[in-house]
Every structure is written in structure tokens, then in C-alpha cells.
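Peer 1: Quick one, coords.cif (mmCIF, N, CA and C atoms):
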data_structure
loop_
_atom_site.label_atom_id
_atom_site.label_comp_id
_atom_site.auth_asym_id
_atom_site.auth_seq_id
_atom_site.Cartn_x
_atom_site.Cartn_y
_atom_site.Cartn_z
N MET Q 1 61.94 177.84 -33.00
CA MET Q 1 62.92 178.74 -33.58
C MET Q 1 62.20 179.87 -34.31
N PHE Q 2 62.77 181.03 -34.31
CA PHE Q 2 62.14 182.21 -34.91
C PHE Q 2 62.49 182.40 -36.37
N THR Q 3 63.46 181.66 -36.88
CA THR Q 3 63.88 181.83 -38.26
C THR Q 3 63.29 180.75 -39.15
N THR Q 4 63.10 181.13 -40.42
CA THR Q 4 62.59 180.20 -41.43
C THR Q 4 63.60 180.15 -42.56
N LYS Q 5 63.94 178.96 -42.98
CA LYS Q 5 64.87 178.75 -44.09
C LYS Q 5 64.16 179.02 -45.41
N ILE Q 6 64.85 179.67 -46.34
CA ILE Q 6 64.30 179.94 -47.66
C ILE Q 6 65.15 179.20 -48.70
N THR Q 7 64.51 178.36 -49.48
CA THR Q 7 65.16 177.66 -50.58
C THR Q 7 64.24 177.71 -51.79
N SER Q 8 64.76 177.33 -52.93
CA SER Q 8 63.96 177.28 -54.15
C SER Q 8 64.50 176.19 -55.06
N ASN Q 9 63.60 175.48 -55.73
CA ASN Q 9 64.03 174.51 -56.73
C ASN Q 9 64.65 175.20 -57.93
N ASN Q 10 64.42 176.50 -58.07
CA ASN Q 10 64.95 177.26 -59.20
C ASN Q 10 66.24 178.00 -58.88
N ALA Q 11 66.78 177.77 -57.69
CA ALA Q 11 68.06 178.35 -57.28
C ALA Q 11 68.93 177.22 -56.74
N PRO Q 12 70.24 177.37 -56.82
CA PRO Q 12 71.10 176.29 -56.35
C PRO Q 12 70.96 176.07 -54.84
N SER Q 13 71.14 174.83 -54.44
CA SER Q 13 71.16 174.52 -53.01
C SER Q 13 72.49 174.99 -52.43
N ALA Q 14 72.53 175.09 -51.13
CA ALA Q 14 73.75 175.52 -50.44
C ALA Q 14 74.87 174.52 -50.72
N ILE Q 15 76.10 175.03 -50.87
CA ILE Q 15 77.24 174.15 -51.09
C ILE Q 15 78.06 173.99 -49.80
N GLY Q 16 77.43 174.28 -48.69
CA GLY Q 16 78.07 174.16 -47.39
C GLY Q 16 77.04 174.23 -46.29
N PRO Q 17 77.49 174.34 -45.05
CA PRO Q 17 76.56 174.39 -43.91
C PRO Q 17 75.97 175.78 -43.69
N TYR Q 18 75.11 176.20 -44.61
CA TYR Q 18 74.42 177.48 -44.49
C TYR Q 18 73.11 177.38 -45.25
N SER Q 19 72.24 178.32 -45.04
CA SER Q 19 70.96 178.38 -45.74
C SER Q 19 71.06 179.41 -46.86
N PRO Q 20 70.45 179.15 -48.01
CA PRO Q 20 70.43 180.16 -49.08
C PRO Q 20 69.77 181.46 -48.61
N GLY Q 21 68.78 181.34 -47.74
CA GLY Q 21 68.12 182.51 -47.18
C GLY Q 21 67.51 182.18 -45.84
N ILE Q 22 67.40 183.19 -45.01
CA ILE Q 22 66.78 183.05 -43.69
C ILE Q 22 65.83 184.23 -43.49
N GLN Q 23 64.62 183.93 -43.00
CA GLN Q 23 63.68 185.00 -42.67
C GLN Q 23 63.49 185.04 -41.16
N LEU Q 24 63.55 186.24 -40.63
CA LEU Q 24 63.27 186.51 -39.22
C LEU Q 24 62.33 187.70 -39.20
N SER Q 25 61.08 187.45 -38.92
CA SER Q 25 60.05 188.50 -38.95
C SER Q 25 59.98 189.08 -40.36
N ASP Q 26 60.13 190.39 -40.49
CA ASP Q 26 60.06 191.04 -41.80
C ASP Q 26 61.41 191.08 -42.50
N PHE Q 27 62.46 190.63 -41.84
CA PHE Q 27 63.81 190.70 -42.39
C PHE Q 27 64.18 189.39 -43.05
N ILE Q 28 64.73 189.50 -44.26
CA ILE Q 28 65.22 188.34 -44.98
C ILE Q 28 66.68 188.60 -45.33
N TYR Q 29 67.50 187.63 -45.01
CA TYR Q 29 68.92 187.70 -45.31
C TYR Q 29 69.23 186.63 -46.34
N LEU Q 30 69.66 187.03 -47.53
CA LEU Q 30 70.04 186.06 -48.55
C LEU Q 30 71.55 185.90 -48.52
N SER Q 31 71.98 184.66 -48.39
CA SER Q 31 73.41 184.36 -48.44
C SER Q 31 73.95 184.77 -49.80
N GLY Q 32 75.25 184.93 -49.88
CA GLY Q 32 75.86 185.26 -51.16
C GLY Q 32 75.48 184.22 -52.21
N GLN Q 33 74.91 184.69 -53.29
CA GLN Q 33 74.50 183.81 -54.38
C GLN Q 33 75.58 183.80 -55.45
N LEU Q 34 75.89 182.61 -55.90
CA LEU Q 34 76.89 182.42 -56.94
C LEU Q 34 76.21 182.20 -58.28
N PRO Q 35 76.95 182.31 -59.38
CA PRO Q 35 76.37 182.09 -60.72
C PRO Q 35 76.29 180.61 -61.07
N ILE Q 36 75.57 179.88 -60.23
CA ILE Q 36 75.47 178.42 -60.38
C ILE Q 36 74.10 178.07 -60.93
N ASP Q 37 74.09 177.17 -61.90
CA ASP Q 37 72.85 176.63 -62.44
C ASP Q 37 72.26 175.66 -61.41
N ALA Q 38 70.99 175.80 -61.10
CA ALA Q 38 70.35 174.98 -60.06
C ALA Q 38 70.32 173.50 -60.42
N LYS Q 39 70.26 173.19 -61.69
CA LYS Q 39 70.16 171.78 -62.10
C LYS Q 39 71.53 171.10 -62.15
N THR Q 40 72.53 171.79 -62.68
CA THR Q 40 73.86 171.17 -62.84
C THR Q 40 74.78 171.45 -61.66
N MET Q 41 74.45 172.50 -60.88
CA MET Q 41 75.29 172.96 -59.76
C MET Q 41 76.69 173.37 -60.25
N GLU Q 42 76.76 173.83 -61.48
CA GLU Q 42 78.01 174.30 -62.07
C GLU Q 42 77.90 175.78 -62.42
N ILE Q 43 79.05 176.45 -62.47
CA ILE Q 43 79.11 177.85 -62.89
C ILE Q 43 78.61 177.93 -64.34
N VAL Q 44 77.80 178.95 -64.64
CA VAL Q 44 77.14 179.04 -65.94
C VAL Q 44 78.06 179.42 -67.09
N SER Q 45 79.07 180.22 -66.83
CA SER Q 45 79.88 180.78 -67.90
C SER Q 45 81.11 181.42 -67.28
N LEU Q 46 82.07 181.78 -68.11
CA LEU Q 46 83.22 182.53 -67.63
C LEU Q 46 83.04 184.03 -67.82
N ASP Q 47 81.95 184.44 -68.50
CA ASP Q 47 81.67 185.83 -68.80
C ASP Q 47 81.00 186.51 -67.60
N ILE Q 48 81.51 187.69 -67.22
CA ILE Q 48 80.97 188.39 -66.05
C ILE Q 48 79.51 188.78 -66.25
N LYS Q 49 79.11 189.13 -67.47
CA LYS Q 49 77.71 189.49 -67.71
C LYS Q 49 76.80 188.28 -67.50
N ASP Q 50 77.19 187.13 -68.02
CA ASP Q 50 76.40 185.91 -67.83
C ASP Q 50 76.34 185.53 -66.35
N GLN Q 51 77.47 185.65 -65.68
CA GLN Q 51 77.53 185.29 -64.26
C GLN Q 51 76.66 186.24 -63.43
N THR Q 52 76.73 187.52 -63.72
CA THR Q 52 75.91 188.49 -62.98
C THR Q 52 74.43 188.20 -63.18
N LYS Q 53 74.04 187.94 -64.42
CA LYS Q 53 72.64 187.63 -64.72
C LYS Q 53 72.18 186.40 -63.95
N LYS Q 54 72.99 185.35 -63.92
CA LYS Q 54 72.60 184.11 -63.22
C LYS Q 54 72.50 184.35 -61.71
N VAL Q 55 73.43 185.10 -61.14
CA VAL Q 55 73.36 185.42 -59.71
C VAL Q 55 72.04 186.12 -59.40
N LEU Q 56 71.69 187.11 -60.20
CA LEU Q 56 70.46 187.87 -59.94
C LEU Q 56 69.21 187.03 -60.22
N GLU Q 57 69.27 186.13 -61.17
CA GLU Q 57 68.16 185.20 -61.39
C GLU Q 57 67.99 184.28 -60.18
N ASN Q 58 69.10 183.83 -59.60
CA ASN Q 58 69.03 182.99 -58.40
C ASN Q 58 68.44 183.76 -57.23
N ILE Q 59 68.81 185.02 -57.10
CA ILE Q 59 68.23 185.87 -56.05
C ILE Q 59 66.73 186.01 -56.27
N CYS Q 60 66.33 186.26 -57.50
CA CYS Q 60 64.90 186.40 -57.82
C CYS Q 60 64.14 185.11 -57.52
N ALA Q 61 64.75 183.97 -57.78
CA ALA Q 61 64.09 182.68 -57.50
C ALA Q 61 63.84 182.53 -56.00
N LEU Q 62 64.81 182.90 -55.19
CA LEU Q 62 64.63 182.82 -53.73
C LEU Q 62 63.56 183.81 -53.26
N LEU Q 63 63.60 185.02 -53.78
CA LEU Q 63 62.61 186.03 -53.39
C LEU Q 63 61.20 185.59 -53.77
N SER Q 64 61.06 184.98 -54.93
CA SER Q 64 59.72 184.58 -55.39
C SER Q 64 59.10 183.53 -54.49
N GLU Q 65 59.90 182.79 -53.77
CA GLU Q 65 59.37 181.80 -52.82
C GLU Q 65 58.57 182.48 -51.70
N LYS Q 66 58.86 183.74 -51.46
CA LYS Q 66 58.16 184.51 -50.43
C LYS Q 66 57.21 185.53 -51.05
N GLY Q 67 57.02 185.48 -52.37
CA GLY Q 67 56.14 186.44 -53.04
C GLY Q 67 56.78 187.81 -53.21
N LEU Q 68 58.09 187.89 -53.12
CA LEU Q 68 58.81 189.15 -53.16
C LEU Q 68 59.55 189.31 -54.49
N SER Q 69 60.07 190.52 -54.71
CA SER Q 69 60.85 190.80 -55.91
C SER Q 69 62.04 191.68 -55.53
N THR Q 70 62.81 192.07 -56.52
CA THR Q 70 63.99 192.89 -56.24
C THR Q 70 63.64 194.23 -55.62
N ARG Q 71 62.41 194.70 -55.77
CA ARG Q 71 62.05 195.99 -55.15
C ARG Q 71 62.05 195.90 -53.63
N HIS Q 72 62.05 194.69 -53.08
CA HIS Q 72 62.08 194.51 -51.62
C HIS Q 72 63.51 194.46 -51.07
N ILE Q 73 64.49 194.44 -51.96
CA ILE Q 73 65.90 194.42 -51.53
C ILE Q 73 66.30 195.83 -51.10
N VAL Q 74 66.83 195.96 -49.90
CA VAL Q 74 67.24 197.28 -49.42
C VAL Q 74 68.76 197.47 -49.43
N LYS Q 75 69.51 196.36 -49.47
CA LYS Q 75 70.98 196.46 -49.45
C LYS Q 75 71.57 195.23 -50.12
N THR Q 76 72.55 195.45 -50.99
CA THR Q 76 73.31 194.34 -51.55
C THR Q 76 74.79 194.56 -51.27
N THR Q 77 75.49 193.46 -51.21
CA THR Q 77 76.94 193.49 -51.19
C THR Q 77 77.40 192.63 -52.35
N VAL Q 78 78.17 193.23 -53.24
CA VAL Q 78 78.68 192.54 -54.43
C VAL Q 78 80.15 192.25 -54.20
N PHE Q 79 80.51 190.99 -54.36
CA PHE Q 79 81.90 190.56 -54.26
C PHE Q 79 82.36 190.18 -55.67
N MET Q 80 83.44 190.78 -56.12
CA MET Q 80 83.97 190.49 -57.46
C MET Q 80 85.46 190.14 -57.36
N THR Q 81 85.90 189.28 -58.24
CA THR Q 81 87.33 188.94 -58.24
C THR Q 81 88.14 189.90 -59.10
N ASP Q 82 87.47 190.73 -59.91
CA ASP Q 82 88.19 191.69 -60.74
C ASP Q 82 87.32 192.93 -60.96
N LEU Q 83 87.64 194.01 -60.27
CA LEU Q 83 86.86 195.24 -60.40
C LEU Q 83 87.02 195.91 -61.77
N LYS Q 84 87.93 195.43 -62.58
CA LYS Q 84 88.02 195.94 -63.95
C LYS Q 84 86.77 195.56 -64.74
N GLU Q 85 86.03 194.58 -64.26
CA GLU Q 85 84.79 194.14 -64.92
C GLU Q 85 83.55 194.80 -64.31
N PHE Q 86 83.77 195.80 -63.46
CA PHE Q 86 82.67 196.47 -62.76
C PHE Q 86 81.63 197.03 -63.72
N ASP Q 87 82.05 197.74 -64.76
CA ASP Q 87 81.10 198.36 -65.68
C ASP Q 87 80.20 197.33 -66.35
N GLU Q 88 80.77 196.21 -66.75
CA GLU Q 88 79.98 195.14 -67.38
C GLU Q 88 78.98 194.56 -66.38
N MET Q 89 79.43 194.32 -65.15
CA MET Q 89 78.55 193.82 -64.10
C MET Q 89 77.44 194.82 -63.84
N ASN Q 90 77.79 196.09 -63.75
CA ASN Q 90 76.85 197.14 -63.40
C ASN Q 90 75.73 197.27 -64.44
N LYS Q 91 76.04 197.07 -65.70
CA LYS Q 91 75.02 197.13 -66.76
C LYS Q 91 73.96 196.07 -66.53
N VAL Q 92 74.37 194.85 -66.26
CA VAL Q 92 73.42 193.75 -66.03
C VAL Q 92 72.68 193.98 -64.72
N TYR Q 93 73.39 194.37 -63.69
CA TYR Q 93 72.80 194.64 -62.37
C TYR Q 93 71.66 195.65 -62.51
N GLY Q 94 71.89 196.70 -63.28
CA GLY Q 94 70.89 197.75 -63.47
C GLY Q 94 69.62 197.28 -64.14
N GLU Q 95 69.68 196.19 -64.88
CA GLU Q 95 68.49 195.64 -65.54
C GLU Q 95 67.52 194.98 -64.55
N PHE Q 96 67.99 194.67 -63.36
CA PHE Q 96 67.17 193.96 -62.37
C PHE Q 96 66.57 194.89 -61.32
N PHE Q 97 66.97 196.16 -61.31
CA PHE Q 97 66.53 197.09 -60.28
C PHE Q 97 66.00 198.36 -60.91
N SER Q 98 65.18 199.08 -60.15
CA SER Q 98 64.70 200.39 -60.59
C SER Q 98 64.81 201.34 -59.40
N ASP Q 99 64.70 202.61 -59.68
CA ASP Q 99 64.81 203.65 -58.67
C ASP Q 99 63.60 203.61 -57.74
N PRO Q 100 63.74 203.63 -56.45
CA PRO Q 100 64.98 203.80 -55.71
C PRO Q 100 65.76 202.48 -55.63
N TYR Q 101 67.00 202.54 -56.02
CA TYR Q 101 67.87 201.37 -56.03
C TYR Q 101 68.25 201.00 -54.60
N PRO Q 102 68.54 199.72 -54.38
CA PRO Q 102 69.01 199.36 -53.04
C PRO Q 102 70.39 199.97 -52.77
N ALA Q 103 70.69 200.18 -51.51
CA ALA Q 103 72.04 200.57 -51.14
C ALA Q 103 72.96 199.43 -51.56
N ARG Q 104 74.22 199.74 -51.86
CA ARG Q 104 75.12 198.69 -52.36
C ARG Q 104 76.54 198.97 -51.97
N SER Q 105 77.25 197.90 -51.66
CA SER Q 105 78.71 197.94 -51.52
C SER Q 105 79.25 196.97 -52.55
N CYS Q 106 80.41 197.26 -53.08
CA CYS Q 106 81.05 196.37 -54.04
C CYS Q 106 82.53 196.31 -53.69
N VAL Q 107 83.03 195.11 -53.50
CA VAL Q 107 84.43 194.94 -53.13
C VAL Q 107 85.09 193.88 -53.99
N GLN Q 108 86.38 194.05 -54.18
CA GLN Q 108 87.16 193.03 -54.88
C GLN Q 108 87.72 192.07 -53.85
N VAL Q 109 87.62 190.79 -54.16
CA VAL Q 109 88.13 189.74 -53.28
C VAL Q 109 89.14 188.90 -54.05
N ALA Q 110 89.98 188.17 -53.33
CA ALA Q 110 91.02 187.35 -53.97
C ALA Q 110 90.43 186.17 -54.72
N ALA Q 111 89.39 185.57 -54.16
CA ALA Q 111 88.78 184.40 -54.80
C ALA Q 111 87.39 184.18 -54.24
N LEU Q 112 86.58 183.46 -55.02
CA LEU Q 112 85.23 183.09 -54.60
C LEU Q 112 85.05 181.59 -54.79
N PRO Q 113 84.09 180.98 -54.08
CA PRO Q 113 83.86 179.55 -54.23
C PRO Q 113 83.60 179.17 -55.70
N LYS Q 114 84.06 177.99 -56.06
CA LYS Q 114 83.88 177.42 -57.41
C LYS Q 114 84.50 178.29 -58.49
N ASN Q 115 85.44 179.15 -58.11
CA ASN Q 115 86.12 180.06 -59.05
C ASN Q 115 85.16 181.02 -59.74
N ALA Q 116 84.07 181.37 -59.08
CA ALA Q 116 83.14 182.35 -59.62
C ALA Q 116 83.81 183.71 -59.68
N LYS Q 117 83.31 184.56 -60.57
CA LYS Q 117 83.80 185.93 -60.67
C LYS Q 117 83.00 186.89 -59.82
N ILE Q 118 81.81 186.47 -59.40
CA ILE Q 118 80.90 187.37 -58.67
C ILE Q 118 80.05 186.59 -57.68
N GLU Q 119 79.71 187.25 -56.60
CA GLU Q 119 78.78 186.73 -55.59
C GLU Q 119 78.04 187.95 -55.04
N ILE Q 120 76.73 187.81 -54.84
CA ILE Q 120 75.94 188.92 -54.30
C ILE Q 120 75.10 188.43 -53.14
N GLU Q 121 75.17 189.14 -52.01
CA GLU Q 121 74.31 188.87 -50.87
C GLU Q 121 73.34 190.03 -50.70
N CYS Q 122 72.20 189.76 -50.06
CA CYS Q 122 71.15 190.78 -49.97
C CYS Q 122 70.51 190.84 -48.59
N LEU Q 123 70.11 192.03 -48.22
CA LEU Q 123 69.21 192.26 -47.09
C LEU Q 123 67.88 192.68 -47.71
N VAL Q 124 66.82 191.99 -47.31
CA VAL Q 124 65.50 192.19 -47.90
C VAL Q 124 64.51 192.48 -46.77
N ILE Q 125 63.56 193.36 -47.03
CA ILE Q 125 62.49 193.62 -46.08
C ILE Q 125 61.18 193.18 -46.72
N ASP Q 126 60.48 192.27 -46.04
CA ASP Q 126 59.18 191.81 -46.52
C ASP Q 126 58.13 192.82 -46.07
N THR Q 127 57.71 193.66 -46.99
CA THR Q 127 56.75 194.73 -46.69
C THR Q 127 55.34 194.39 -47.17
N LEU Q 128 55.12 193.15 -47.60
CA LEU Q 128 53.84 192.81 -48.22
C LEU Q 128 52.65 193.08 -47.32
N LYS Q 129 52.74 192.74 -46.03
CA LYS Q 129 51.59 192.96 -45.14
C LYS Q 129 51.32 194.45 -44.94
N TYR Q 130 52.36 195.26 -44.96
CA TYR Q 130 52.18 196.70 -44.82
C TYR Q 130 51.58 197.29 -46.09
N GLU Q 131 52.01 196.77 -47.23
CA GLU Q 131 51.46 197.23 -48.49
C GLU Q 131 49.97 196.87 -48.57
N GLU Q 132 49.63 195.69 -48.12
CA GLU Q 132 48.24 195.25 -48.11
C GLU Q 132 47.40 196.15 -47.19
N TYR Q 133 47.95 196.49 -46.03
CA TYR Q 133 47.26 197.36 -45.09
C TYR Q 133 47.01 198.73 -45.72
N SER Q 134 48.03 199.29 -46.36
CA SER Q 134 47.86 200.63 -46.92
C SER Q 134 46.86 200.63 -48.06
N GLU Q 135 46.75 199.53 -48.81
CA GLU Q 135 45.75 199.44 -49.87
C GLU Q 135 44.35 199.36 -49.29
N ASP Q 136 44.21 198.79 -48.08
CA ASP Q 136 42.91 198.64 -47.44
C ASP Q 136 42.50 199.89 -46.65
N CYS Q 137 43.38 200.85 -46.50
CA CYS Q 137 43.10 202.04 -45.72
C CYS Q 137 42.01 202.84 -46.43
N SER Q 138 40.82 202.85 -45.85
CA SER Q 138 39.65 203.42 -46.52
C SER Q 138 39.65 204.95 -46.56
N CYS Q 139 40.20 205.59 -45.55
CA CYS Q 139 40.07 207.05 -45.50
C CYS Q 139 41.10 207.78 -46.36
N CYS Q 140 42.24 207.14 -46.62
CA CYS Q 140 43.27 207.89 -47.33
C CYS Q 140 43.99 207.08 -48.38
N GLY Q 141 43.59 205.83 -48.57
CA GLY Q 141 44.25 205.01 -49.60
C GLY Q 141 45.71 204.71 -49.30
N GLY Q 142 46.06 204.71 -48.04
CA GLY Q 142 47.43 204.40 -47.66
C GLY Q 142 48.34 205.60 -47.52
N ASN Q 143 47.85 206.79 -47.82
CA ASN Q 143 48.65 208.01 -47.69
C ASN Q 143 48.36 208.65 -46.33
N CYS Q 144 48.59 207.87 -45.28
CA CYS Q 144 48.25 208.32 -43.94
C CYS Q 144 49.07 209.56 -43.56
N GLY Q 145 48.38 210.53 -43.03
CA GLY Q 145 49.04 211.75 -42.58
C GLY Q 145 48.40 212.18 -41.26
N GLU Q 146 48.64 213.40 -40.88
CA GLU Q 146 48.14 213.90 -39.60
C GLU Q 146 46.61 213.87 -39.51
N ASP Q 147 45.92 214.03 -40.62
CA ASP Q 147 44.45 214.09 -40.62
C ASP Q 147 43.80 212.70 -40.74
N CYS Q 148 44.59 211.67 -40.76
CA CYS Q 148 44.07 210.31 -40.97
C CYS Q 148 43.77 209.64 -39.64
N ASP Q 149 42.67 208.91 -39.59
CA ASP Q 149 42.28 208.20 -38.36
C ASP Q 149 42.69 206.73 -38.39
N CYS Q 150 43.47 206.30 -39.33
CA CYS Q 150 43.85 204.87 -39.44
C CYS Q 150 44.68 204.43 -38.27
#
Reformat the file's structure so that it appears as C-alpha cells.
Peer 2:
Amino acid sequence: MFTTKITSNNAPSAIGPYSPGIQLSDFIYLSGQLPIDAKTMEIVSLDIKDQTKKVLENICALLSEKGLSTRHIVKTTVFMTDLKEFDEMNKVYGEFFSDPYPARSCVQVAALPKNAKIEIECLVIDTLKYEEYSEDCSCCGGNCGEDCDC
């Protein structure tokens, strides 16, 4: 099989027949992460800020299994049960990312598993081998252009 399952002891296990993450070549697809504590498998809080933080911590735990971080995320989809809480979610979300931010969609849904208020899924690109190559590029330090022989 060409895909590799991604799990972490620091992120909740799947609550159904799916993988928390799947890697295919340089592409990583993270299933929607809920604000679940990995040890108790329960929702962390009823507060959207706490839930957003836990979701993003769970995403970070999965990414760290591959040596990656949020800078490798190229697209997120945020599912919320109440878009009136968007500003509060967005404040916490912004603490986990820096410019250039990943592309993002955010939609309101009728309900989420375990009565969560938020779920976030991600598309990630594992660029580590390319970053390593560009650091090793002796003639231009990775800034390859027309005059580079790399």
C-alpha cells in the first residue's frame, strides 16, 4: 500500500473507521480533529477558545510524529456549530500560524461528533526533504535561479 497511517499518543485515537492522518508521498491529509483530550477521550471544555486550542494542539501532535509543524499546513477546513463564535475561534487559531497563513474555509454545520463546537481538517505538504536539499545547495544556498547549476 502507498499510504501510511499517522497517529500520536498525544492526540486522540479515531472514534470510528478512519485514520487520524494519512500520508501519501509528500501529501498528508489530517482527518477532522475534535477538541478531545487524548487520555480521557472526552471534550475538553464547552468554551470555543479552549476547544479551538485543543483541536490545534491535537493537529500539532500528529504533525510532530512526522517532524512537521503548522508551517507545513497549506489548507484547513474549519467546521463550527455557531459562526457567532468565529472571532473567538479566530483569535486562538491565529496563535498557531504565521504569515503566509494556510488557505482556509470555515463553515457552520448543524452538529459535530461528541457535541463538539469545532472540528478542523488539514492538507499538509511534507517539504522537509526539499528544505534539506536547498540547505545543501552549495552554489546558491537554495536560492536556485537561472544562473544556478544545481
Peer 1: Figure out the distance between atom C of Q:Cys122 and atom CA of Q:Thr76, please, to one decimal in Å.
Peer 2: 5.4 Å
Peer 1: I'd like the residues picked by the PyMOL selection byres (((chain Q and resi 31 and name CA) around 10) and name CA) written out as a list in words, using the chain letters and numbers from the file.
Peer 2: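 Checking the PyMOL selection byres (((chain Q and resi 31 and name CA) around 10) and name CA) against this file, the residues are Ala14, Tyr18, Ser19, Pro20, Gly21, Ile22, Ile28, Tyr29, Leu30, Gly32, Gln33, Leu34, Ile59, Glu119, Ile120, Glu121, Cys122 and Leu123 of chain Q.
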Peer 1: Might you pull out every residue within 8 Å of stretch 5-8 of chain Q, with only N, CA and C atoms counted and same-chain residues fewer than 3 positions away left off, and present them as an mmCIF file with N, CA and C atoms, keeping the file's coordinate frame?
Peer 2:
data_model
loop_
_atom_site.group_PDB
_atom_site.id
_atom_site.type_symbol
_atom_site.label_atom_id
_atom_site.label_comp_id
_atom_site.auth_asym_id
_atom_site.auth_seq_id
_atom_site.Cartn_x
_atom_site.Cartn_y
_atom_site.Cartn_z
ATOM 1 N N PHE Q 2 62.770 181.030 -34.310
ATOM 2 C CA PHE Q 2 62.140 182.210 -34.910
ATOM 3 C C PHE Q 2 62.490 182.400 -36.370
ATOM 4 N N ALA Q 11 66.780 177.770 -57.690
ATOM 5 C CA ALA Q 11 68.060 178.350 -57.280
ATOM 6 C C ALA Q 11 68.930 177.220 -56.740
ATOM 7 N N PRO Q 12 70.240 177.370 -56.820
ATOM 8 C CA PRO Q 12 71.100 176.290 -56.350
ATOM 9 C C PRO Q 12 70.960 176.070 -54.840
ATOM 10 N N SER Q 13 71.140 174.830 -54.440
ATOM 11 C CA SER Q 13 71.160 174.520 -53.010
ATOM 12 C C SER Q 13 72.490 174.990 -52.430
ATOM 13 N N ALA Q 14 72.530 175.090 -51.130
ATOM 14 C CA ALA Q 14 73.750 175.520 -50.440
ATOM 15 C C ALA Q 14 74.870 174.520 -50.720
ATOM 16 N N SER Q 19 72.240 178.320 -45.040
ATOM 17 C CA SER Q 19 70.960 178.380 -45.740
ATOM 18 C C SER Q 19 71.060 179.410 -46.860
ATOM 19 N N PRO Q 20 70.450 179.150 -48.010
ATOM 20 C CA PRO Q 20 70.430 180.160 -49.080
ATOM 21 C C PRO Q 20 69.770 181.460 -48.610
ATOM 22 N N GLY Q 21 68.780 181.340 -47.740
ATOM 23 C CA GLY Q 21 68.120 182.510 -47.180
ATOM 24 C C GLY Q 21 67.510 182.180 -45.840
ATOM 25 N N ILE Q 22 67.400 183.190 -45.010
ATOM 26 C CA ILE Q 22 66.780 183.050 -43.690
ATOM 27 C C ILE Q 22 65.830 184.230 -43.490
ATOM 28 N N GLN Q 23 64.620 183.930 -43.000
ATOM 29 C CA GLN Q 23 63.680 185.000 -42.670
ATOM 30 C C GLN Q 23 63.490 185.040 -41.160
ATOM 31 N N LEU Q 24 63.550 186.240 -40.630
ATOM 32 C CA LEU Q 24 63.270 186.510 -39.220
ATOM 33 C C LEU Q 24 62.330 187.700 -39.200
ATOM 34 N N ALA Q 38 70.990 175.800 -61.100
ATOM 35 C CA ALA Q 38 70.350 174.980 -60.060
ATOM 36 C C ALA Q 38 70.320 173.500 -60.420
ATOM 37 N N ALA Q 61 64.750 183.970 -57.780
ATOM 38 C CA ALA Q 61 64.090 182.680 -57.500
ATOM 39 C C ALA Q 61 63.840 182.530 -56.000
ATOM 40 N N LEU Q 62 64.810 182.900 -55.190
ATOM 41 C CA LEU Q 62 64.630 182.820 -53.730
ATOM 42 C C LEU Q 62 63.560 183.810 -53.260
ATOM 43 N N LEU Q 63 63.600 185.020 -53.780
ATOM 44 C CA LEU Q 63 62.610 186.030 -53.390
ATOM 45 C C LEU Q 63 61.200 185.590 -53.770
ATOM 46 N N SER Q 64 61.060 184.980 -54.930
ATOM 47 C CA SER Q 64 59.720 184.580 -55.390
ATOM 48 C C SER Q 64 59.100 183.530 -54.490
ATOM 49 N N GLU Q 65 59.900 182.790 -53.770
ATOM 50 C CA GLU Q 65 59.370 181.800 -52.820
ATOM 51 C C GLU Q 65 58.570 182.480 -51.700
ATOM 52 N N LYS Q 66 58.860 183.740 -51.460
ATOM 53 C CA LYS Q 66 58.160 184.510 -50.430
ATOM 54 C C LYS Q 66 57.210 185.530 -51.050
#
Peer 1: Taking the file above as input, evaluate the PyMOL selection byres ((chain Q and resi 102) around 8) and report the hits as a ChimeraX atom specification.
Peer 2: /Q:70-76,97-101,103-105
Peer 1: For a cut-off of 8 Å around (91.8, 190.6, -54.2), file coordinates, pick out all residues using all atoms listed in the file and list them as a VMD selection string.
Peer 2: chain Q and resid 80 to 82 107 to 111
Peer 1: Among chain Q, which ones does DSSP place in strand (DSSP E), written as a PyMOL selection string?
Peer 2: chain Q and resi 3-6+21-24+27-33+73-80+103-108+118-125
Peer 1: Give the helix (DSSP H, G or I) residues of chain Q, as DSSP finds them on the backbone, and put them as a PyMOL selection string.
Peer 2: chain Q and resi 48-64+70-72+83-95+113-115+128-136
